[in-house]
file work-v8.txt (compact mmCIF, C-alpha atoms and all ligand atoms)
# COMPACT_ATOMS: atom_id res chain seq x y z
CA MET A 1 -10.48 -5.46 -26.44
CA SER A 2 -11.05 -8.20 -23.85
CA THR A 3 -12.65 -7.27 -20.53
CA PRO A 4 -10.24 -7.39 -17.56
CA THR A 5 -11.01 -10.26 -15.16
CA LYS A 6 -9.83 -10.95 -11.64
CA GLN A 7 -7.01 -13.00 -13.19
CA THR A 8 -5.75 -10.14 -15.37
CA PRO A 9 -2.52 -8.63 -14.02
CA ILE A 10 -3.11 -4.96 -13.37
CA LEU A 11 0.47 -4.33 -12.30
CA GLU A 12 3.53 -6.25 -13.51
CA LEU A 13 7.05 -5.95 -12.19
CA HIS A 14 9.67 -7.34 -14.54
CA GLU A 15 13.21 -7.86 -13.26
CA LEU A 16 13.08 -4.55 -11.43
CA LYS A 17 16.48 -3.25 -10.31
CA LYS A 18 17.40 -0.16 -8.33
CA SER A 19 20.76 0.98 -7.04
CA TYR A 20 21.65 4.09 -5.10
CA GLY A 21 25.19 4.84 -6.23
CA GLU A 22 27.19 1.67 -5.57
CA ALA A 23 24.54 0.18 -3.29
CA LYS A 24 22.47 -2.41 -5.11
CA ILE A 25 19.07 -2.52 -3.39
CA LEU A 26 16.59 -4.19 -5.77
CA ASP A 27 18.22 -6.87 -7.83
CA GLY A 28 15.59 -8.24 -10.20
CA VAL A 29 12.19 -8.17 -8.50
CA THR A 30 9.49 -9.89 -10.58
CA PHE A 31 5.85 -10.45 -9.66
CA ASP A 32 2.34 -9.62 -10.90
CA ILE A 33 -0.62 -8.17 -9.07
CA ARG A 34 -4.03 -9.23 -10.29
CA GLN A 35 -7.08 -7.04 -10.53
CA GLY A 36 -8.81 -6.71 -7.14
CA GLU A 37 -6.05 -8.41 -5.15
CA PHE A 38 -4.77 -7.26 -1.77
CA VAL A 39 -1.04 -7.94 -1.90
CA CYS A 40 1.17 -7.35 1.14
CA VAL A 41 4.90 -6.89 0.65
CA VAL A 42 7.16 -7.74 3.59
CA GLY A 43 10.91 -7.98 3.95
CA PRO A 44 13.72 -7.19 6.34
CA SER A 45 14.43 -3.58 7.22
CA GLY A 46 16.43 -1.97 4.42
CA SER A 47 15.42 -4.58 1.83
CA GLY A 48 13.96 -1.83 -0.34
CA LYS A 49 10.21 -2.06 0.32
CA THR A 50 9.72 1.71 0.07
CA THR A 51 12.05 1.86 -2.92
CA LEU A 52 9.96 -0.81 -4.62
CA LEU A 53 6.71 1.00 -3.88
CA LYS A 54 8.10 4.30 -5.20
CA CYS A 55 9.17 2.55 -8.42
CA MET A 56 5.66 1.07 -8.76
CA ALA A 57 4.15 4.52 -8.22
CA GLY A 58 6.33 6.14 -10.87
CA LEU A 59 7.96 8.35 -8.22
CA LEU A 60 11.39 6.77 -8.71
CA ALA A 61 12.95 5.53 -11.95
CA PRO A 62 14.28 1.97 -11.76
CA SER A 63 17.91 1.36 -12.75
CA ASP A 64 16.75 -1.53 -14.93
CA GLY A 65 13.64 -3.63 -15.56
CA SER A 66 10.13 -2.26 -15.74
CA VAL A 67 6.81 -1.64 -14.05
CA VAL A 68 3.77 -2.09 -16.29
CA PHE A 69 0.42 -0.73 -15.10
CA GLU A 70 -2.72 -1.56 -17.07
CA GLY A 71 -0.55 -2.49 -20.02
CA GLN A 72 1.53 0.71 -20.05
CA GLN A 73 5.10 1.07 -18.82
CA VAL A 74 5.20 3.37 -15.78
CA THR A 75 7.48 6.37 -16.34
CA GLU A 76 5.60 8.90 -14.18
CA PRO A 77 2.85 8.69 -11.52
CA PRO A 78 -0.18 7.18 -13.31
CA ALA A 79 -3.53 8.98 -12.90
CA LYS A 80 -5.28 5.79 -11.79
CA MET A 81 -2.88 5.06 -8.93
CA ALA A 82 -2.88 6.66 -5.48
CA VAL A 83 -0.32 6.39 -2.70
CA VAL A 84 -0.80 6.57 1.07
CA PHE A 85 2.40 7.03 3.06
CA GLN A 86 3.16 6.31 6.69
CA ASP A 87 3.66 9.93 7.65
CA TYR A 88 0.12 11.33 7.65
CA SER A 89 1.28 14.51 9.41
CA ARG A 90 3.21 15.49 6.29
CA SER A 91 0.78 14.20 3.70
CA LEU A 92 -2.14 16.46 4.62
CA LEU A 93 -1.90 20.22 4.11
CA PRO A 94 -2.40 21.81 7.55
CA TRP A 95 -3.89 25.06 6.22
CA LEU A 96 -6.75 23.25 4.47
CA SER A 97 -9.74 21.60 6.10
CA VAL A 98 -9.99 17.83 5.79
CA ALA A 99 -12.73 18.18 3.13
CA SER A 100 -10.49 20.54 1.10
CA ASN A 101 -7.54 18.17 1.48
CA VAL A 102 -9.65 15.32 0.14
CA GLU A 103 -11.07 17.50 -2.64
CA LEU A 104 -7.68 18.80 -3.79
CA PRO A 105 -6.74 16.01 -6.22
CA LEU A 106 -10.23 16.20 -7.74
CA ARG A 107 -9.99 19.85 -8.73
CA ASN A 108 -8.28 19.14 -12.04
CA LYS A 109 -10.29 16.02 -12.67
CA VAL A 110 -13.91 16.92 -11.93
CA SER A 111 -15.06 20.40 -12.98
CA ASN A 112 -18.52 20.19 -11.38
CA LYS A 113 -18.29 21.50 -7.81
CA SER A 114 -21.31 19.66 -6.44
CA GLU A 115 -20.06 16.40 -7.96
CA ARG A 116 -16.73 16.98 -6.19
CA ALA A 117 -18.54 17.70 -2.91
CA ALA A 118 -20.60 14.50 -3.27
CA THR A 119 -17.42 12.43 -3.82
CA VAL A 120 -15.76 14.04 -0.79
CA GLU A 121 -18.80 13.27 1.34
CA ARG A 122 -18.94 9.67 0.13
CA VAL A 123 -15.29 8.91 0.84
CA LEU A 124 -15.34 10.67 4.22
CA ASN A 125 -18.37 8.55 5.15
CA SER A 126 -16.60 5.41 3.99
CA VAL A 127 -13.59 6.03 6.22
CA GLY A 128 -15.70 6.92 9.26
CA LEU A 129 -15.20 10.69 9.05
CA ALA A 130 -18.79 11.68 8.30
CA GLY A 131 -19.37 15.25 9.50
CA LYS A 132 -15.65 15.87 10.19
CA GLY A 133 -14.80 17.58 6.89
CA LYS A 134 -14.64 21.07 8.40
CA LEU A 135 -11.92 20.11 10.88
CA TYR A 136 -8.27 20.86 10.15
CA PRO A 137 -5.74 18.02 10.24
CA TRP A 138 -4.13 19.39 13.39
CA GLN A 139 -7.48 19.16 15.18
CA MET A 140 -7.59 15.41 14.59
CA SER A 141 -5.92 12.37 16.14
CA GLY A 142 -3.27 10.47 14.19
CA GLY A 143 -5.73 7.73 13.32
CA MET A 144 -8.26 10.27 12.02
CA GLN A 145 -5.57 11.96 9.93
CA GLN A 146 -4.63 8.65 8.36
CA ARG A 147 -8.32 8.00 7.64
CA ALA A 148 -8.37 11.39 5.88
CA ALA A 149 -5.28 10.45 3.87
CA ILE A 150 -6.97 7.20 2.83
CA ALA A 151 -10.12 9.15 1.88
CA ARG A 152 -8.01 11.44 -0.29
CA GLY A 153 -6.52 8.42 -2.05
CA LEU A 154 -9.99 6.94 -2.60
CA ALA A 155 -11.45 10.21 -3.87
CA TYR A 156 -9.17 9.82 -6.84
CA GLN A 157 -11.03 6.57 -7.63
CA PRO A 158 -7.75 4.77 -8.20
CA ASP A 159 -7.55 1.35 -9.78
CA VAL A 160 -4.58 0.64 -7.51
CA LEU A 161 -3.94 2.02 -4.04
CA LEU A 162 -0.32 1.73 -2.89
CA MET A 163 0.20 1.95 0.87
CA ASP A 164 3.60 2.27 2.52
CA GLU A 165 3.50 1.17 6.16
CA PRO A 166 0.38 3.31 6.58
CA PHE A 167 -0.40 2.23 10.15
CA ALA A 168 3.11 2.10 11.58
CA ALA A 169 2.75 5.40 13.43
CA VAL A 170 -0.60 4.83 15.16
CA ASP A 171 -1.39 3.05 18.43
CA ALA A 172 -2.29 -0.65 18.46
CA GLN A 173 -6.05 -0.19 18.90
CA THR A 174 -6.26 2.37 16.08
CA ARG A 175 -4.17 0.11 13.91
CA ILE A 176 -6.67 -2.72 14.29
CA GLU A 177 -9.51 -0.38 13.33
CA LEU A 178 -7.63 0.91 10.30
CA GLU A 179 -6.76 -2.61 9.13
CA ASP A 180 -10.45 -3.51 9.09
CA LEU A 181 -11.27 -0.18 7.48
CA VAL A 182 -8.90 -0.83 4.61
CA LEU A 183 -10.39 -4.30 4.02
CA ARG A 184 -13.85 -2.77 3.97
CA VAL A 185 -13.00 0.03 1.54
CA ARG A 186 -11.22 -2.44 -0.74
CA ASP A 187 -14.54 -4.29 -1.08
CA GLU A 188 -16.61 -1.12 -1.34
CA PHE A 189 -14.44 0.52 -4.02
CA ASP A 190 -13.21 -2.71 -5.66
CA THR A 191 -9.66 -1.35 -5.50
CA THR A 192 -6.49 -3.35 -5.93
CA ILE A 193 -4.21 -2.73 -2.94
CA VAL A 194 -0.45 -3.11 -2.56
CA PHE A 195 0.42 -2.79 1.11
CA VAL A 196 4.01 -2.57 2.33
CA THR A 197 4.48 -3.46 5.98
CA HIS A 198 7.15 -4.76 8.31
CA ASP A 199 4.43 -6.32 10.47
CA ILE A 200 4.03 -10.04 9.73
CA ASP A 201 0.68 -10.37 11.55
CA GLU A 202 -0.72 -7.47 9.60
CA ALA A 203 0.50 -8.88 6.28
CA VAL A 204 -1.06 -12.31 6.86
CA TYR A 205 -4.28 -10.86 8.27
CA LEU A 206 -4.84 -8.43 5.39
CA GLY A 207 -3.35 -10.11 2.34
CA ASP A 208 -4.74 -12.34 -0.36
CA ARG A 209 -1.05 -12.83 -1.03
CA VAL A 210 2.13 -12.04 0.84
CA VAL A 211 5.24 -11.32 -1.22
CA VAL A 212 8.29 -11.88 0.96
CA LEU A 213 11.44 -10.09 -0.14
CA SER A 214 14.97 -11.27 0.51
CA GLY A 215 17.52 -8.95 2.11
CA ALA A 216 19.36 -6.49 -0.17
CA PRO A 217 20.39 -7.04 -2.92
CA THR A 218 16.74 -7.94 -3.04
CA THR A 219 14.68 -10.42 -5.03
CA VAL A 220 11.37 -12.11 -4.28
CA ASN A 221 12.08 -14.79 -1.73
CA ARG A 222 8.58 -16.31 -1.65
CA ASP A 223 5.17 -15.43 -3.04
CA ILE A 224 2.54 -16.91 -0.72
CA GLU A 225 -1.19 -17.28 -1.42
CA VAL A 226 -3.20 -16.62 1.76
CA ASN A 227 -6.27 -18.81 1.63
CA LEU A 228 -7.76 -17.74 4.95
CA PRO A 229 -11.55 -17.39 5.03
CA THR A 230 -13.12 -14.01 4.31
CA PRO A 231 -14.31 -11.71 5.72
CA ARG A 232 -11.33 -11.66 8.04
CA ASP A 233 -11.98 -11.18 11.73
CA GLN A 234 -9.39 -9.84 14.16
CA GLN A 235 -10.16 -12.54 16.72
CA GLN A 236 -11.42 -15.56 14.77
CA THR A 237 -8.92 -15.36 11.90
CA LYS A 238 -5.98 -15.08 14.26
CA LEU A 239 -7.10 -18.21 16.16
CA LEU A 240 -6.93 -20.34 13.01
CA HIS A 241 -4.23 -22.95 12.72
CA GLU A 242 -3.60 -21.87 9.07
CA TYR A 243 -3.03 -18.30 10.25
CA ALA A 244 -0.40 -19.43 12.77
CA GLU A 245 1.31 -21.57 10.11
CA LEU A 246 1.46 -18.76 7.56
CA ARG A 247 2.72 -16.37 10.19
CA ALA A 248 5.48 -18.81 11.17
CA GLU A 249 6.43 -19.35 7.52
CA VAL A 250 6.77 -15.61 6.82
CA PHE A 251 8.63 -15.05 10.09
CA GLY A 252 11.11 -17.82 9.25
CA LEU A 253 11.69 -16.42 5.75
CA ILE A 254 12.39 -12.93 7.08
CA GLN A 255 14.71 -14.20 9.78
CA SER A 256 16.71 -16.17 7.24
CA ALA A 257 16.73 -13.22 4.80
CA LYS A 258 18.14 -11.01 7.58
CA SER A 259 20.99 -13.39 8.18
CA HIS A 260 21.87 -13.52 4.45
CA ALA A 261 21.53 -9.80 3.68
CA SER A 262 24.75 -8.15 2.54
CA ILE A 263 23.67 -4.54 3.25
N1 LIG A 301 17.40 8.29 -1.86
C1 LIG A 301 18.25 7.39 -1.37
N2 LIG A 301 19.58 7.55 -1.55
C2 LIG A 301 20.47 6.64 -1.08
N3 LIG A 301 20.11 5.51 -0.41
C3 LIG A 301 18.80 5.32 -0.19
C4 LIG A 301 17.81 6.24 -0.65
N4 LIG A 301 16.59 5.77 -0.30
C5 LIG A 301 16.81 4.61 0.36
N5 LIG A 301 18.13 4.35 0.42
C6 LIG A 301 18.75 3.16 1.03
O1 LIG A 301 18.23 2.03 0.35
C7 LIG A 301 17.99 0.96 1.28
C8 LIG A 301 16.54 0.53 1.16
O2 LIG A 301 15.72 1.59 1.68
P1 LIG A 301 14.14 1.46 1.74
O3 LIG A 301 13.63 2.60 2.56
O4 LIG A 301 13.59 1.29 0.39
O5 LIG A 301 13.99 0.08 2.53
P2 LIG A 301 12.79 -0.47 3.42
O6 LIG A 301 12.78 -1.94 3.23
O7 LIG A 301 11.55 0.27 3.09
O8 LIG A 301 13.30 -0.08 4.86
P3 LIG A 301 12.51 -0.03 6.26
O9 LIG A 301 11.91 -1.38 6.48
O10 LIG A 301 13.58 0.27 7.24
O11 LIG A 301 11.48 1.05 6.13
C9 LIG A 301 18.39 1.47 2.66
O12 LIG A 301 19.70 1.02 2.91
C10 LIG A 301 18.36 2.98 2.50
O13 LIG A 301 19.27 3.61 3.34
call {"tool": "encode", "arguments": {"input": "work-v8.txt", "output": "structure tokens"}}
result
Amino acid sequence: MSTPTKQTPILELHELKKSYGEAKILDGVTFDIRQGEFVCVVGPSGSGKTTLLKCMAGLLAPSDGSVVFEGQQVTEPPAKMAVVFQDYSRSLLPWLSVASNVELPLRNKVSNKSERAATVERVLNSVGLAGKGKLYPWQMSGGMQQRAAIARGLAYQPDVLLMDEPFAAVDAQTRIELEDLVLRVRDEFDTTIVFVTHDIDEAVYLGDRVVVLSGAPTTVNRDIEVNLPTPRDQQQTKLLHEYAELRAEVFGLIQSAKSHASI
């Protein structure tokens, strides 16, 4: 078997379609995600970004087309994929400490307790929650809870981390910190990330690529390579002329998609 390279698609969407009753939402979405890429997905409200992510995660069956992950068609949530949702308050179990929340998905996977504890400690350190494992979610700020949810996803050691508007519910300063955190953990864990957002600045700042969806019935409107220098920097990157151009391009595409959407 050949060794996967950075060019190997890890996730492939082929003509993905999804309708809810009569409402056609996804209407043939096709794109690949390569190993190690950070791909942001943007589109007008209601274009089916969450629907698309749920289909990728095996949480929702497409009406037609397919999702292929590491060469296998996705028909249920794959073990090597993790999902982080926007609503951290519902994704962590309030009766468990943060360390126990992070450890939970490992219980069936790693039988050795001290190995599990070491993984929990490592991921909590990586997301800036060193020493906070004994706290309960309700004793933490929103930003800290979302860090814990990210740590839980990482503890799984996923090959792909899917994130659905993960920072939409936190304040602007925390959002900036979490954006840089997610770039850092992507490098540290060498994880492929698919990041759904409605925020154009966030998509261009974070992404190696930005996939812009049309309005429903939805297809891929444009697939844009982001060749901004790395590591990204919240101030320097956003001052670049190329950043402003990309931002304007994505903004224009979304505005025009909004005006053509039929739903
Ligand atoms: N389970 C469902 N049953 C029926 N309709 C649904 C269901 N889930 C989503 N929809 C509809 O499908 C469309 C796409 O929803 P989805 O949440 O995927 O879009 P989105 O692009 O993520 O939206 P937003 O940007 O507002 O978060 C919307 O019109 C929504 O009302």
call {"tool": "closest_residue", "arguments": {"input": "work-v8.txt", "among": "A:Val42, A:Val120, A:Ala172, A:Ala130", "to": "Arg247 (chain A)", "atoms": "only C-alpha atoms"}}
result
A:Val42
call {"tool": "residues_near_ligand", "arguments": {"input": "work-v8.txt", "ligand": "ligand LIG 301 (chain A)", "cutoff": "10 Å", "atoms": "all atoms listed in the file", "output": "CSV table (one decimal) with C-alpha atoms, keeping the file's coordinate frame"}}
result
chain,number,residue,atom,x,y,z
A,18,LYS,CA,17.4,-0.2,-8.3
A,19,SER,CA,20.8,1.0,-7.0
A,20,TYR,CA,21.6,4.1,-5.1
A,21,GLY,CA,25.2,4.8,-6.2
A,22,GLU,CA,27.2,1.7,-5.6
A,23,ALA,CA,24.5,0.2,-3.3
A,24,LYS,CA,22.5,-2.4,-5.1
A,25,ILE,CA,19.1,-2.5,-3.4
A,26,LEU,CA,16.6,-4.2,-5.8
A,41,VAL,CA,4.9,-6.9,0.6
A,42,VAL,CA,7.2,-7.7,3.6
A,43,GLY,CA,10.9,-8.0,4.0
A,44,PRO,CA,13.7,-7.2,6.3
A,45,SER,CA,14.4,-3.6,7.2
A,46,GLY,CA,16.4,-2.0,4.4
A,47,SER,CA,15.4,-4.6,1.8
A,48,GLY,CA,14.0,-1.8,-0.3
A,49,LYS,CA,10.2,-2.1,0.3
A,50,THR,CA,9.7,1.7,0.1
A,51,THR,CA,12.0,1.9,-2.9
A,52,LEU,CA,10.0,-0.8,-4.6
A,53,LEU,CA,6.7,1.0,-3.9
A,54,LYS,CA,8.1,4.3,-5.2
A,55,CYS,CA,9.2,2.6,-8.4
A,60,LEU,CA,11.4,6.8,-8.7
A,86,GLN,CA,3.2,6.3,6.7
A,164,ASP,CA,3.6,2.3,2.5
A,165,GLU,CA,3.5,1.2,6.2
A,196,VAL,CA,4.0,-2.6,2.3
A,197,THR,CA,4.5,-3.5,6.0
A,198,HIS,CA,7.2,-4.8,8.3
A,199,ASP,CA,4.4,-6.3,10.5
A,213,LEU,CA,11.4,-10.1,-0.1
A,214,SER,CA,15.0,-11.3,0.5
A,215,GLY,CA,17.5,-9.0,2.1
A,216,ALA,CA,19.4,-6.5,-0.2
A,217,PRO,CA,20.4,-7.0,-2.9
A,218,THR,CA,16.7,-7.9,-3.0
A,263,ILE,CA,23.7,-4.5,3.2
call {"tool": "atom_distance", "arguments": {"input": "work-v8.txt", "atom1": "CA of Lys258 (chain A)", "atom2": "CA of Ile200 (chain A)"}}
result
14.3 Å
call {"tool": "closest_atom_pairs", "arguments": {"input": "work-v8.txt", "of": "region 129-245 of chain A", "to": "region 105-118 of chain A", "cutoff": "8 Å", "atoms": "all atoms listed in the file", "output": "CSV"}}
result
residue,atom,partner,partner_atom,distance
A:Arg152,CA,A:Pro105,CA,7.6
A:Ala155,CA,A:Leu106,CA,7.2
A:Tyr156,CA,A:Leu106,CA,6.5
call {"tool": "write_last_selection", "arguments": {"input": "work-v8.txt", "atoms": "C-alpha atoms", "output": "PDB file, keeping the file's coordinate frame"}}
result
ATOM      1  CA  ARG A 152      -8.010  11.440  -0.290  1.00  0.00           C
ATOM      2  CA  ALA A 155     -11.450  10.210  -3.870  1.00  0.00           C
ATOM      3  CA  TYR A 156      -9.170   9.820  -6.840  1.00  0.00           C
TER       4      TYR A 156
END
call {"tool": "closest_residue", "arguments": {"input": "work-v8.txt", "among": "A:Asp159, A:Lys132, A:Asp180, A:Tyr88", "to": "Gln146 (chain A)", "atoms": "only C-alpha atoms"}}
result
A:Tyr88
call {"tool": "closest_residue", "arguments": {"input": "work-v8.txt", "among": "A:Ser63, A:Thr191, A:Gln157, A:Thr8", "to": "Val102 (chain A)", "atoms": "all atoms listed in the file"}}
result
A:Gln157
call {"tool": "atom_distance", "arguments": {"input": "work-v8.txt", "atom1": "CA of Ala203 (chain A)", "atom2": "CA of Glu70 (chain A)"}}
result
24.7 Å
call {"tool": "closest_residue", "arguments": {"input": "work-v8.txt", "among": "A:Leu124, A:Pro9, A:Gly131, A:Pro158", "to": "Pro77 (chain A)", "atoms": "all atoms listed in the file"}}
result
A:Pro158
call {"tool": "atom_distance", "arguments": {"input": "work-v8.txt", "atom1": "CA of Asp32 (chain A)", "atom2": "CA of Leu13 (chain A)"}}
result
6.1 Å
call {"tool": "closest_residue", "arguments": {"input": "work-v8.txt", "among": "A:Gly207, A:Pro166, A:Gly133, A:Gly153", "to": "Gly36 (chain A)", "atoms": "all atoms listed in the file"}}
result
A:Gly207
call {"tool": "residues_near_point", "arguments": {"input": "work-v8.txt", "point": "(9.9, -10.0, -9.8)", "cutoff": "6 Å", "atoms": "only C-alpha atoms", "output": "MDAnalysis selection string"}}
result
chainID A and resid 13:15 28:31
call {"tool": "closest_residue", "arguments": {"input": "work-v8.txt", "among": "A:Val67, A:Ile176, A:Leu135, A:Val226", "to": "Glu202 (chain A)", "atoms": "only C-alpha atoms"}}
result
A:Ile176
call {"tool": "residues_around", "arguments": {"input": "work-v8.txt", "residues": "Gln35 (chain A)", "least_positions_apart": "2", "cutoff": "12 Å", "atoms": "all atoms listed in the file", "output": "PDB file with C-alpha atoms, in the frame of the given file"}}
result
ATOM      1  CA  THR A   3     -12.650  -7.270 -20.530  1.00  0.00           C
ATOM      2  CA  PRO A   4     -10.240  -7.390 -17.560  1.00  0.00           C
ATOM      3  CA  THR A   5     -11.010 -10.260 -15.160  1.00  0.00           C
ATOM      4  CA  LYS A   6      -9.830 -10.950 -11.640  1.00  0.00           C
ATOM      5  CA  GLN A   7      -7.010 -13.000 -13.190  1.00  0.00           C
ATOM      6  CA  THR A   8      -5.750 -10.140 -15.370  1.00  0.00           C
ATOM      7  CA  PRO A   9      -2.520  -8.630 -14.020  1.00  0.00           C
ATOM      8  CA  ILE A  10      -3.110  -4.960 -13.370  1.00  0.00           C
ATOM      9  CA  LEU A  11       0.470  -4.330 -12.300  1.00  0.00           C
ATOM     10  CA  GLU A  12       3.530  -6.250 -13.510  1.00  0.00           C
ATOM     11  CA  ASP A  32       2.340  -9.620 -10.900  1.00  0.00           C
ATOM     12  CA  ILE A  33      -0.620  -8.170  -9.070  1.00  0.00           C
ATOM     13  CA  GLU A  37      -6.050  -8.410  -5.150  1.00  0.00           C
ATOM     14  CA  PHE A  38      -4.770  -7.260  -1.770  1.00  0.00           C
ATOM     15  CA  VAL A  39      -1.040  -7.940  -1.900  1.00  0.00           C
ATOM     16  CA  PHE A  69       0.420  -0.730 -15.100  1.00  0.00           C
ATOM     17  CA  GLU A  70      -2.720  -1.560 -17.070  1.00  0.00           C
ATOM     18  CA  ASP A 159      -7.550   1.350  -9.780  1.00  0.00           C
ATOM     19  CA  VAL A 160      -4.580   0.640  -7.510  1.00  0.00           C
ATOM     20  CA  LEU A 161      -3.940   2.020  -4.040  1.00  0.00           C
ATOM     21  CA  ARG A 186     -11.220  -2.440  -0.740  1.00  0.00           C
ATOM     22  CA  ASP A 190     -13.210  -2.710  -5.660  1.00  0.00           C
ATOM     23  CA  THR A 191      -9.660  -1.350  -5.500  1.00  0.00           C
ATOM     24  CA  THR A 192      -6.490  -3.350  -5.930  1.00  0.00           C
ATOM     25  CA  ILE A 193      -4.210  -2.730  -2.940  1.00  0.00           C
ATOM     26  CA  VAL A 194      -0.450  -3.110  -2.560  1.00  0.00           C
ATOM     27  CA  ASP A 208      -4.740 -12.340  -0.360  1.00  0.00           C
TER      28      ASP A 208
END
call {"tool": "decode", "arguments": {"input": "work-v8.txt", "residues": "region 3-25 of chain A", "atoms": "C-alpha atoms", "output": "mmCIF file, in the first residue's frame"}}
result
data_model
loop_
_atom_site.group_PDB
_atom_site.id
_atom_site.type_symbol
_atom_site.label_atom_id
_atom_site.label_comp_id
_atom_site.auth_asym_id
_atom_site.auth_seq_id
_atom_site.Cartn_x
_atom_site.Cartn_y
_atom_site.Cartn_z
ATOM 1 C CA THR A 3 2.043 5.888 2.030
ATOM 2 C CA PRO A 4 -0.424 8.809 2.225
ATOM 3 C CA THR A 5 1.173 12.148 1.292
ATOM 4 C CA LYS A 6 -0.012 15.707 1.785
ATOM 5 C CA GLN A 7 -1.554 15.474 -1.693
ATOM 6 C CA THR A 8 -3.622 12.368 -0.881
ATOM 7 C CA PRO A 9 -7.314 13.189 -0.417
ATOM 8 C CA ILE A 10 -8.350 12.105 3.048
ATOM 9 C CA LEU A 11 -11.966 13.094 2.531
ATOM 10 C CA GLU A 12 -13.823 13.131 -0.795
ATOM 11 C CA LEU A 13 -17.289 14.484 -1.441
ATOM 12 C CA HIS A 14 -18.825 13.228 -4.654
ATOM 13 C CA GLU A 15 -21.972 14.909 -5.976
ATOM 14 C CA LEU A 16 -23.407 15.076 -2.480
ATOM 15 C CA LYS A 17 -27.139 15.797 -2.357
ATOM 16 C CA LYS A 18 -29.454 16.287 0.593
ATOM 17 C CA SER A 19 -33.117 17.233 0.678
ATOM 18 C CA TYR A 20 -35.401 17.670 3.637
ATOM 19 C CA GLY A 21 -38.795 16.641 2.282
ATOM 20 C CA GLU A 22 -39.385 18.801 -0.791
ATOM 21 C CA ALA A 23 -36.637 21.266 0.107
ATOM 22 C CA LYS A 24 -33.496 20.596 -1.906
ATOM 23 C CA ILE A 25 -30.566 21.892 0.162
#
